[in-house]
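As structure tokens, the structure follows; a few thoughts come after it.
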Amino acid sequence: MKRELIIIFLVSFFISCSKKDDTLTFWAMGVEGENVIKLTTEFERQYKIKVKVQQIPWSAAHEKLITAFVSNTLPDVFQLGNTWIPEFVALNAIISLDSLCEKNNFDLNDFFDGILESNKIDGNLYGIPWYVDTRVLFYRKDIMEKLGRKNPPKTWEELYQLSKLIHEKTNQYAIYFPTNEWVPLIVLALQNKAQLLSDNFTEPAFTCSNFVQAFNFLARFYHENLSPSNITEVTNIYQAFEEGYITMYITGPWNISEFKKRIKREIQNSWMTAPLPSPDSSYPGVSLAGGASLVINSKSRKKDLAFKLVEFLSRPEIQIKFYNLISALPSRRSAWINSNLVNDKYLQPFRIQLEKTQAMPKIAEWENIMISRIQKYVEEVAMKKVTVLEACDNLNNETRKLLRKRKELVSQGLLK
Amino acid sequence: MKEKTSIGIVLIFLSPALSAIFLFFILPLLSALFISFTDFDIYTLGDFRRLKFVGLENYIKIFEDDLFYKALYNTFYFVFIGGPLSIITSLLAALLLNSKFIKLKKFFRTVYFLPVVTTIVAVAIVWRYLYHPRFGVFNYILSLFGINAIDWLGDPKYAMPAIILLAIWKNFGYNMILFIAGLQNIPTELYEAAELDGASNWQKFKEITLPFLAPTTFFISIITMIGYFQLFAEPYVMTQGGPLNSTLSMVLYMYQEGFRWWNIGYSVSIAFILFIIILIITLIQFRYEKKIHY
């Protein structure tokens, strides 16, 4: 008995040892993780190496990644939402990919500019965009046509006038800007060329006129009943859209399939997507440079091999396969030439929008600033607890506190 | 012959237990206390040169932090409104289930205990529907009485009452079981004697039931208070602290600061403040208990 146990122990020990040498570990989130295994098998065959994919749920992803970093158990390659990249760079958890790109003659020009830019910190590239995600306008064609409007709004002014018209004629809300999201305000601010943070991202710039202007524009929608000023009024966005409770909604590509699935058949032909309106005549206005990237662990002992996997997964033909699996939009222009994507009428506005995206400030604190501060003031302004100017002032003060440590580290040269 | 046991031998025999306590309780506690005097954050995780000893700065910052006061207020609101209500509900339920006139006691006991053992995430999904402003059951019932719809989870005024209602429903079964045990320990002779003396039901309740339940009530109130001070799961799954932070509890705030934004130093100092508050209030309760205990 004892001898058998020892043998089992030794065998399992050797298996685990041998595994370590020709196995690449890879973490991906949510559906991505579920489906990417279908792609990595091809990689395994080509490069004669095992890829161990672990799927982690999105809701726990951030905590899990940080904990893994602290305990030194991060995988060789992992997926990272591109707003998380600054944080992992601050942690020194991921490596700059510039030299690996050069060594492998990796063509970066094929990637959408704004998205690629969101992966660069201080001029260095830290992640390769895996799939992209941006926001466009989803709207009810039929309601707008009934009011004599054929085209989606192209400027802020048109958006506002159209919203007023819808509200007057249908007595319903026109557009849905959720108050528990930072997205509407940030998109409008970026469109209006607001700087958000200044001085190498150590000082807030929320009282500058461009930001205030954007905030005022948003506030008008809440205060004139053009958008619900409370999230609980819309618990089921699909139902609200179907009922005409709202006519327009700014959201991302994942909602295309949801809209197709959840909205009743009679109005399936009456909704469309369009690029975002712009404050001036430069249609379309900018949108968010979202999506997820692939990054390489700085402690990985197989960085070259890891890059091979990253390179493999970002090949146009693989990205198209990935799109067919989970509808994740390809990050390379050449992948979009595939007929499958070109002919999709809902996707075309996304293709146009992807040429006009912009990254948000790339610092570790930004997500905190957005979620715990900006979101709070959007809600307070919507509920008329504070005026826009007060909100901007408070935002500046609170953000300054959040940026204090960063400012200190930058001035000491401990942080770039 | 009586030999005096030396302290060394005692320590040797206690050492397994002591070292476990030291390793898993005292040591983390001390390191947490240390961390609360530093600015430990996400930058520190990447490079320990970025750690700075800041003394009491975190604690000073807490008292200047609007969100902390908000969380403190919300927590007190929850404890001092929700706590007594929950205990009274448990007592009423226990009295009902203990009375001679109720049938199917075991069935109801199980039914009332079910929410306690149901996971809060599943409960939250159902309750979010119950609270729905347009399609919710609560608003439907209110509309029967001609009361306008209330936006339970969306209106800062009603969000905390909504959370309290959910917490009471979720937790009263546990205390109810303790009360039932307490009630069954009261000797029936006392009631018989009181009946012979012509005591009314209310007198019996006031003079016999309540005094004899005092130890149970004391235990329940301490446990409930400590539990309610650590309010977390209900707002976490129902509102995430919103709207306008009206359901942000201290533990939720601590969690957000610590595990969401990785301001570990700050978050740990909030934990110590919470610890001190709970300690003080428990001590007050102990003082008070001596006066009422039989």
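So you can find residues: chains in the structure tokens are A, B, ... in the order shown, residues in each start at 1, and ligands are numbered from 1 in order.
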
Per residue of chain A within 10 Å of chain B, note the shortest atom pair and the distance in Å to one decimal, counting only C-alpha atoms, and order the rows by chain and increasing residue number, as a tab-separated table.
```
residue	atom	partner	partner_atom	distance
A:His62	CA	B:Arg260	CA	8.0
A:Glu63	CA	B:Phe259	CA	6.7
A:Ile66	CA	B:Leu45	CA	9.1
A:Thr67	CA	B:Phe259	CA	9.8
A:Phe69	CA	B:Leu45	CA	8.8
A:Val70	CA	B:Leu45	CA	7.2
A:Glu87	CA	B:Ile42	CA	7.7
A:Phe88	CA	B:Gly46	CA	8.5
A:Val89	CA	B:Gly46	CA	8.6
A:Ala90	CA	B:Tyr43	CA	6.2
A:Leu91	CA	B:Gly46	CA	3.7
A:Asn92	CA	B:Gly46	CA	5.7
A:Ala93	CA	B:Gly46	CA	7.4
A:Thr179	CA	B:Pro243	CA	9.6
A:Asn180	CA	B:Pro243	CA	8.5
A:Asn230	CA	B:Gly154	CA	6.6
A:Ile231	CA	B:Gly154	CA	6.8
A:Thr232	CA	B:Gly154	CA	5.4
A:Glu233	CA	B:Pro133	CA	7.0
A:Val234	CA	B:Arg134	CA	9.3
A:Thr235	CA	B:His132	CA	7.9
A:Ala364	CA	B:Ile42	CA	8.2
A:Glu365	CA	B:Trp261	CA	8.0
A:Glu367	CA	B:Trp261	CA	8.5
A:Asn368	CA	B:Trp261	CA	6.4
A:Ile369	CA	B:Trp261	CA	9.9
A:Ser372	CA	B:Gln256	CA	9.4
A:Gln375	CA	B:Leu244	CA	9.6
A:Lys376	CA	B:Leu244	CA	6.6
A:Tyr377	CA	B:Leu244	CA	8.8
A:Val378	CA	B:Leu244	CA	10.0
A:Glu379	CA	B:Leu244	CA	6.9
A:Glu380	CA	B:Leu244	CA	6.9
A:Met383	CA	B:Leu244	CA	9.3
A:Lys385	CA	B:Leu244	CA	9.7
A:Glu398	CA	B:Asp65	CA	10.0
A:Lys405	CA	B:Asp39	CA	8.7
A:Arg406	CA	B:Tyr43	CA	8.6
A:Glu408	CA	B:Arg50	CA	9.9
A:Leu409	CA	B:Arg50	CA	7.5
A:Gln412	CA	B:Arg50	CA	10.0
A:Leu414	CA	B:Arg50	CA	7.3
A:Leu415	CA	B:Tyr43	CA	9.1
```

Checklist entry - So which residues touch Met176 in chain B within 9 Å, counting only C-alpha atoms, skipping near sequence neighbours fewer than 6 positions away, as a PyMOL selection string? => result chain B and resi 87+89-95+109+112-113

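With CA of Ile270 in chain B on one side and CA of Phe68 in chain B on the other, the separation reads 8.4 Å.
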
Next on the checklist: Neighbouring residues of range 160-163 of chain A were defined as those with any atom within 7 Å, considering only C-alpha atoms; residues of the same chain fewer than 3 positions away were excluded. Please report them as a list in words.
Outcome noted: Trp156, Glu157, Ile166, His167, Ala174, Ile175 and Leu226 of chain A

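Of the listed residues (B:Asn58, B:Thr239, B:Ser6, B:Ser86), B:Thr239 comes nearest to Ile125 in chain B; the distances count only C-alpha atoms.
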
Checklist entry - Which residues, written as number ranges by chain, have at least one atom at most 8 Å from Arg140 in chain A, with only C-alpha atoms counted and residues fewer than 3 positions away on the same chain left out? => result A: 143-144, 241, 244, 247-248, 270-272

Checklist entry - Out of range 214-261 of chain A, which residues get helix (DSSP H, G or I) from DSSP, as a PyMOL selection string? => result chain A and resi 214-223+231-233+237-243+254-261

Could the residues in this selection be saved with N, CA and C atoms as a PDB file, in the first residue's frame?
```
ATOM      1  N   ALA A 214     -20.029  70.114 -21.728  1.00  0.00           N
ATOM      2  CA  ALA A 214     -20.536  68.766 -21.991  1.00  0.00           C
ATOM      3  C   ALA A 214     -21.490  68.324 -20.889  1.00  0.00           C
ATOM      4  N   PHE A 215     -21.124  68.648 -19.655  1.00  0.00           N
ATOM      5  CA  PHE A 215     -21.957  68.264 -18.516  1.00  0.00           C
ATOM      6  C   PHE A 215     -23.302  68.998 -18.584  1.00  0.00           C
ATOM      7  N   ASN A 216     -23.243  70.280 -18.929  1.00  0.00           N
ATOM      8  CA  ASN A 216     -24.478  71.054 -19.067  1.00  0.00           C
ATOM      9  C   ASN A 216     -25.388  70.465 -20.134  1.00  0.00           C
ATOM     10  N   PHE A 217     -24.765  70.050 -21.244  1.00  0.00           N
ATOM     11  CA  PHE A 217     -25.542  69.467 -22.331  1.00  0.00           C
ATOM     12  C   PHE A 217     -26.264  68.219 -21.841  1.00  0.00           C
ATOM     13  N   LEU A 218     -25.548  67.371 -21.095  1.00  0.00           N
ATOM     14  CA  LEU A 218     -26.145  66.145 -20.564  1.00  0.00           C
ATOM     15  C   LEU A 218     -27.263  66.477 -19.578  1.00  0.00           C
ATOM     16  N   ALA A 219     -27.011  67.466 -18.714  1.00  0.00           N
ATOM     17  CA  ALA A 219     -27.982  67.802 -17.673  1.00  0.00           C
ATOM     18  C   ALA A 219     -29.313  68.234 -18.275  1.00  0.00           C
ATOM     19  N   ARG A 220     -29.244  68.905 -19.433  1.00  0.00           N
ATOM     20  CA  ARG A 220     -30.483  69.345 -20.075  1.00  0.00           C
ATOM     21  C   ARG A 220     -31.410  68.168 -20.362  1.00  0.00           C
ATOM     22  N   PHE A 221     -30.838  67.053 -20.744  1.00  0.00           N
ATOM     23  CA  PHE A 221     -31.661  65.880 -21.068  1.00  0.00           C
ATOM     24  C   PHE A 221     -32.391  65.366 -19.831  1.00  0.00           C
ATOM     25  N   TYR A 222     -31.696  65.406 -18.696  1.00  0.00           N
ATOM     26  CA  TYR A 222     -32.350  64.946 -17.469  1.00  0.00           C
ATOM     27  C   TYR A 222     -33.410  65.940 -17.017  1.00  0.00           C
ATOM     28  N   HIS A 223     -33.056  67.212 -17.028  1.00  0.00           N
ATOM     29  CA  HIS A 223     -33.946  68.208 -16.443  1.00  0.00           C
ATOM     30  C   HIS A 223     -35.147  68.517 -17.313  1.00  0.00           C
ATOM     31  N   ILE A 231     -32.311  55.401 -12.621  1.00  0.00           N
ATOM     32  CA  ILE A 231     -32.112  54.120 -13.317  1.00  0.00           C
ATOM     33  C   ILE A 231     -33.253  53.130 -13.127  1.00  0.00           C
ATOM     34  N   THR A 232     -33.952  53.229 -11.986  1.00  0.00           N
ATOM     35  CA  THR A 232     -34.972  52.206 -11.749  1.00  0.00           C
ATOM     36  C   THR A 232     -36.181  52.373 -12.659  1.00  0.00           C
ATOM     37  N   GLU A 233     -36.247  53.508 -13.353  1.00  0.00           N
ATOM     38  CA  GLU A 233     -37.360  53.657 -14.284  1.00  0.00           C
ATOM     39  C   GLU A 233     -37.206  52.712 -15.465  1.00  0.00           C
ATOM     40  N   ILE A 237     -34.045  47.216 -20.290  1.00  0.00           N
ATOM     41  CA  ILE A 237     -33.814  48.147 -21.393  1.00  0.00           C
ATOM     42  C   ILE A 237     -34.481  47.650 -22.683  1.00  0.00           C
ATOM     43  N   TYR A 238     -34.523  46.346 -22.878  1.00  0.00           N
ATOM     44  CA  TYR A 238     -35.079  45.797 -24.123  1.00  0.00           C
ATOM     45  C   TYR A 238     -36.577  46.044 -24.191  1.00  0.00           C
ATOM     46  N   GLN A 239     -37.214  45.845 -23.033  1.00  0.00           N
ATOM     47  CA  GLN A 239     -38.645  46.102 -22.956  1.00  0.00           C
ATOM     48  C   GLN A 239     -38.936  47.585 -23.172  1.00  0.00           C
ATOM     49  N   ALA A 240     -38.129  48.434 -22.524  1.00  0.00           N
ATOM     50  CA  ALA A 240     -38.327  49.872 -22.644  1.00  0.00           C
ATOM     51  C   ALA A 240     -38.160  50.322 -24.095  1.00  0.00           C
ATOM     52  N   PHE A 241     -37.199  49.745 -24.782  1.00  0.00           N
ATOM     53  CA  PHE A 241     -36.922  50.074 -26.176  1.00  0.00           C
ATOM     54  C   PHE A 241     -38.066  49.590 -27.060  1.00  0.00           C
ATOM     55  N   GLU A 242     -38.554  48.413 -26.745  1.00  0.00           N
ATOM     56  CA  GLU A 242     -39.648  47.795 -27.496  1.00  0.00           C
ATOM     57  C   GLU A 242     -40.933  48.615 -27.358  1.00  0.00           C
ATOM     58  N   GLU A 243     -41.200  49.086 -26.141  1.00  0.00           N
ATOM     59  CA  GLU A 243     -42.425  49.845 -25.884  1.00  0.00           C
ATOM     60  C   GLU A 243     -42.350  51.271 -26.403  1.00  0.00           C
ATOM     61  N   TRP A 254     -22.208  44.289 -27.916  1.00  0.00           N
ATOM     62  CA  TRP A 254     -22.845  43.104 -27.345  1.00  0.00           C
ATOM     63  C   TRP A 254     -24.363  43.186 -27.407  1.00  0.00           C
ATOM     64  N   ASN A 255     -24.894  44.414 -27.502  1.00  0.00           N
ATOM     65  CA  ASN A 255     -26.343  44.559 -27.497  1.00  0.00           C
ATOM     66  C   ASN A 255     -26.980  44.257 -28.848  1.00  0.00           C
ATOM     67  N   ILE A 256     -26.180  44.143 -29.906  1.00  0.00           N
ATOM     68  CA  ILE A 256     -26.777  43.794 -31.208  1.00  0.00           C
ATOM     69  C   ILE A 256     -27.478  42.452 -31.093  1.00  0.00           C
ATOM     70  N   SER A 257     -26.763  41.449 -30.605  1.00  0.00           N
ATOM     71  CA  SER A 257     -27.382  40.128 -30.521  1.00  0.00           C
ATOM     72  C   SER A 257     -28.484  40.108 -29.466  1.00  0.00           C
ATOM     73  N   GLU A 258     -28.299  40.899 -28.403  1.00  0.00           N
ATOM     74  CA  GLU A 258     -29.357  40.948 -27.383  1.00  0.00           C
ATOM     75  C   GLU A 258     -30.629  41.564 -27.955  1.00  0.00           C
ATOM     76  N   PHE A 259     -30.465  42.637 -28.722  1.00  0.00           N
ATOM     77  CA  PHE A 259     -31.641  43.275 -29.325  1.00  0.00           C
ATOM     78  C   PHE A 259     -32.325  42.308 -30.286  1.00  0.00           C
ATOM     79  N   LYS A 260     -31.509  41.577 -31.052  1.00  0.00           N
ATOM     80  CA  LYS A 260     -32.098  40.629 -32.012  1.00  0.00           C
ATOM     81  C   LYS A 260     -32.874  39.557 -31.271  1.00  0.00           C
ATOM     82  N   LYS A 261     -32.358  39.164 -30.123  1.00  0.00           N
ATOM     83  CA  LYS A 261     -32.940  38.044 -29.390  1.00  0.00           C
ATOM     84  C   LYS A 261     -34.158  38.476 -28.572  1.00  0.00           C
TER      85      LYS A 261
END
```

Checklist entry - Do you know which residues are at most 9 Å from range 349-358 of chain A counting only C-alpha atoms, after dropping those on the same chain fewer than 4 positions away, and could you put them as an MDAnalysis selection string? => result chainID A and resid 112:115 117:118 132:137 190:191 252:253 273:276 284:290 333 336 342 345

Checklist entry - Excluding same-chain residues fewer than 3 positions from range 218-234 of chain B, what lies within 6 Å of it counting only C-alpha atoms, as an MDAnalysis selection string? => result chainID B and resid 79 214:215 237:238 251:252

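CA of Gln79 in chain A is found 8.1 Å from CA of Phe26 in chain A.
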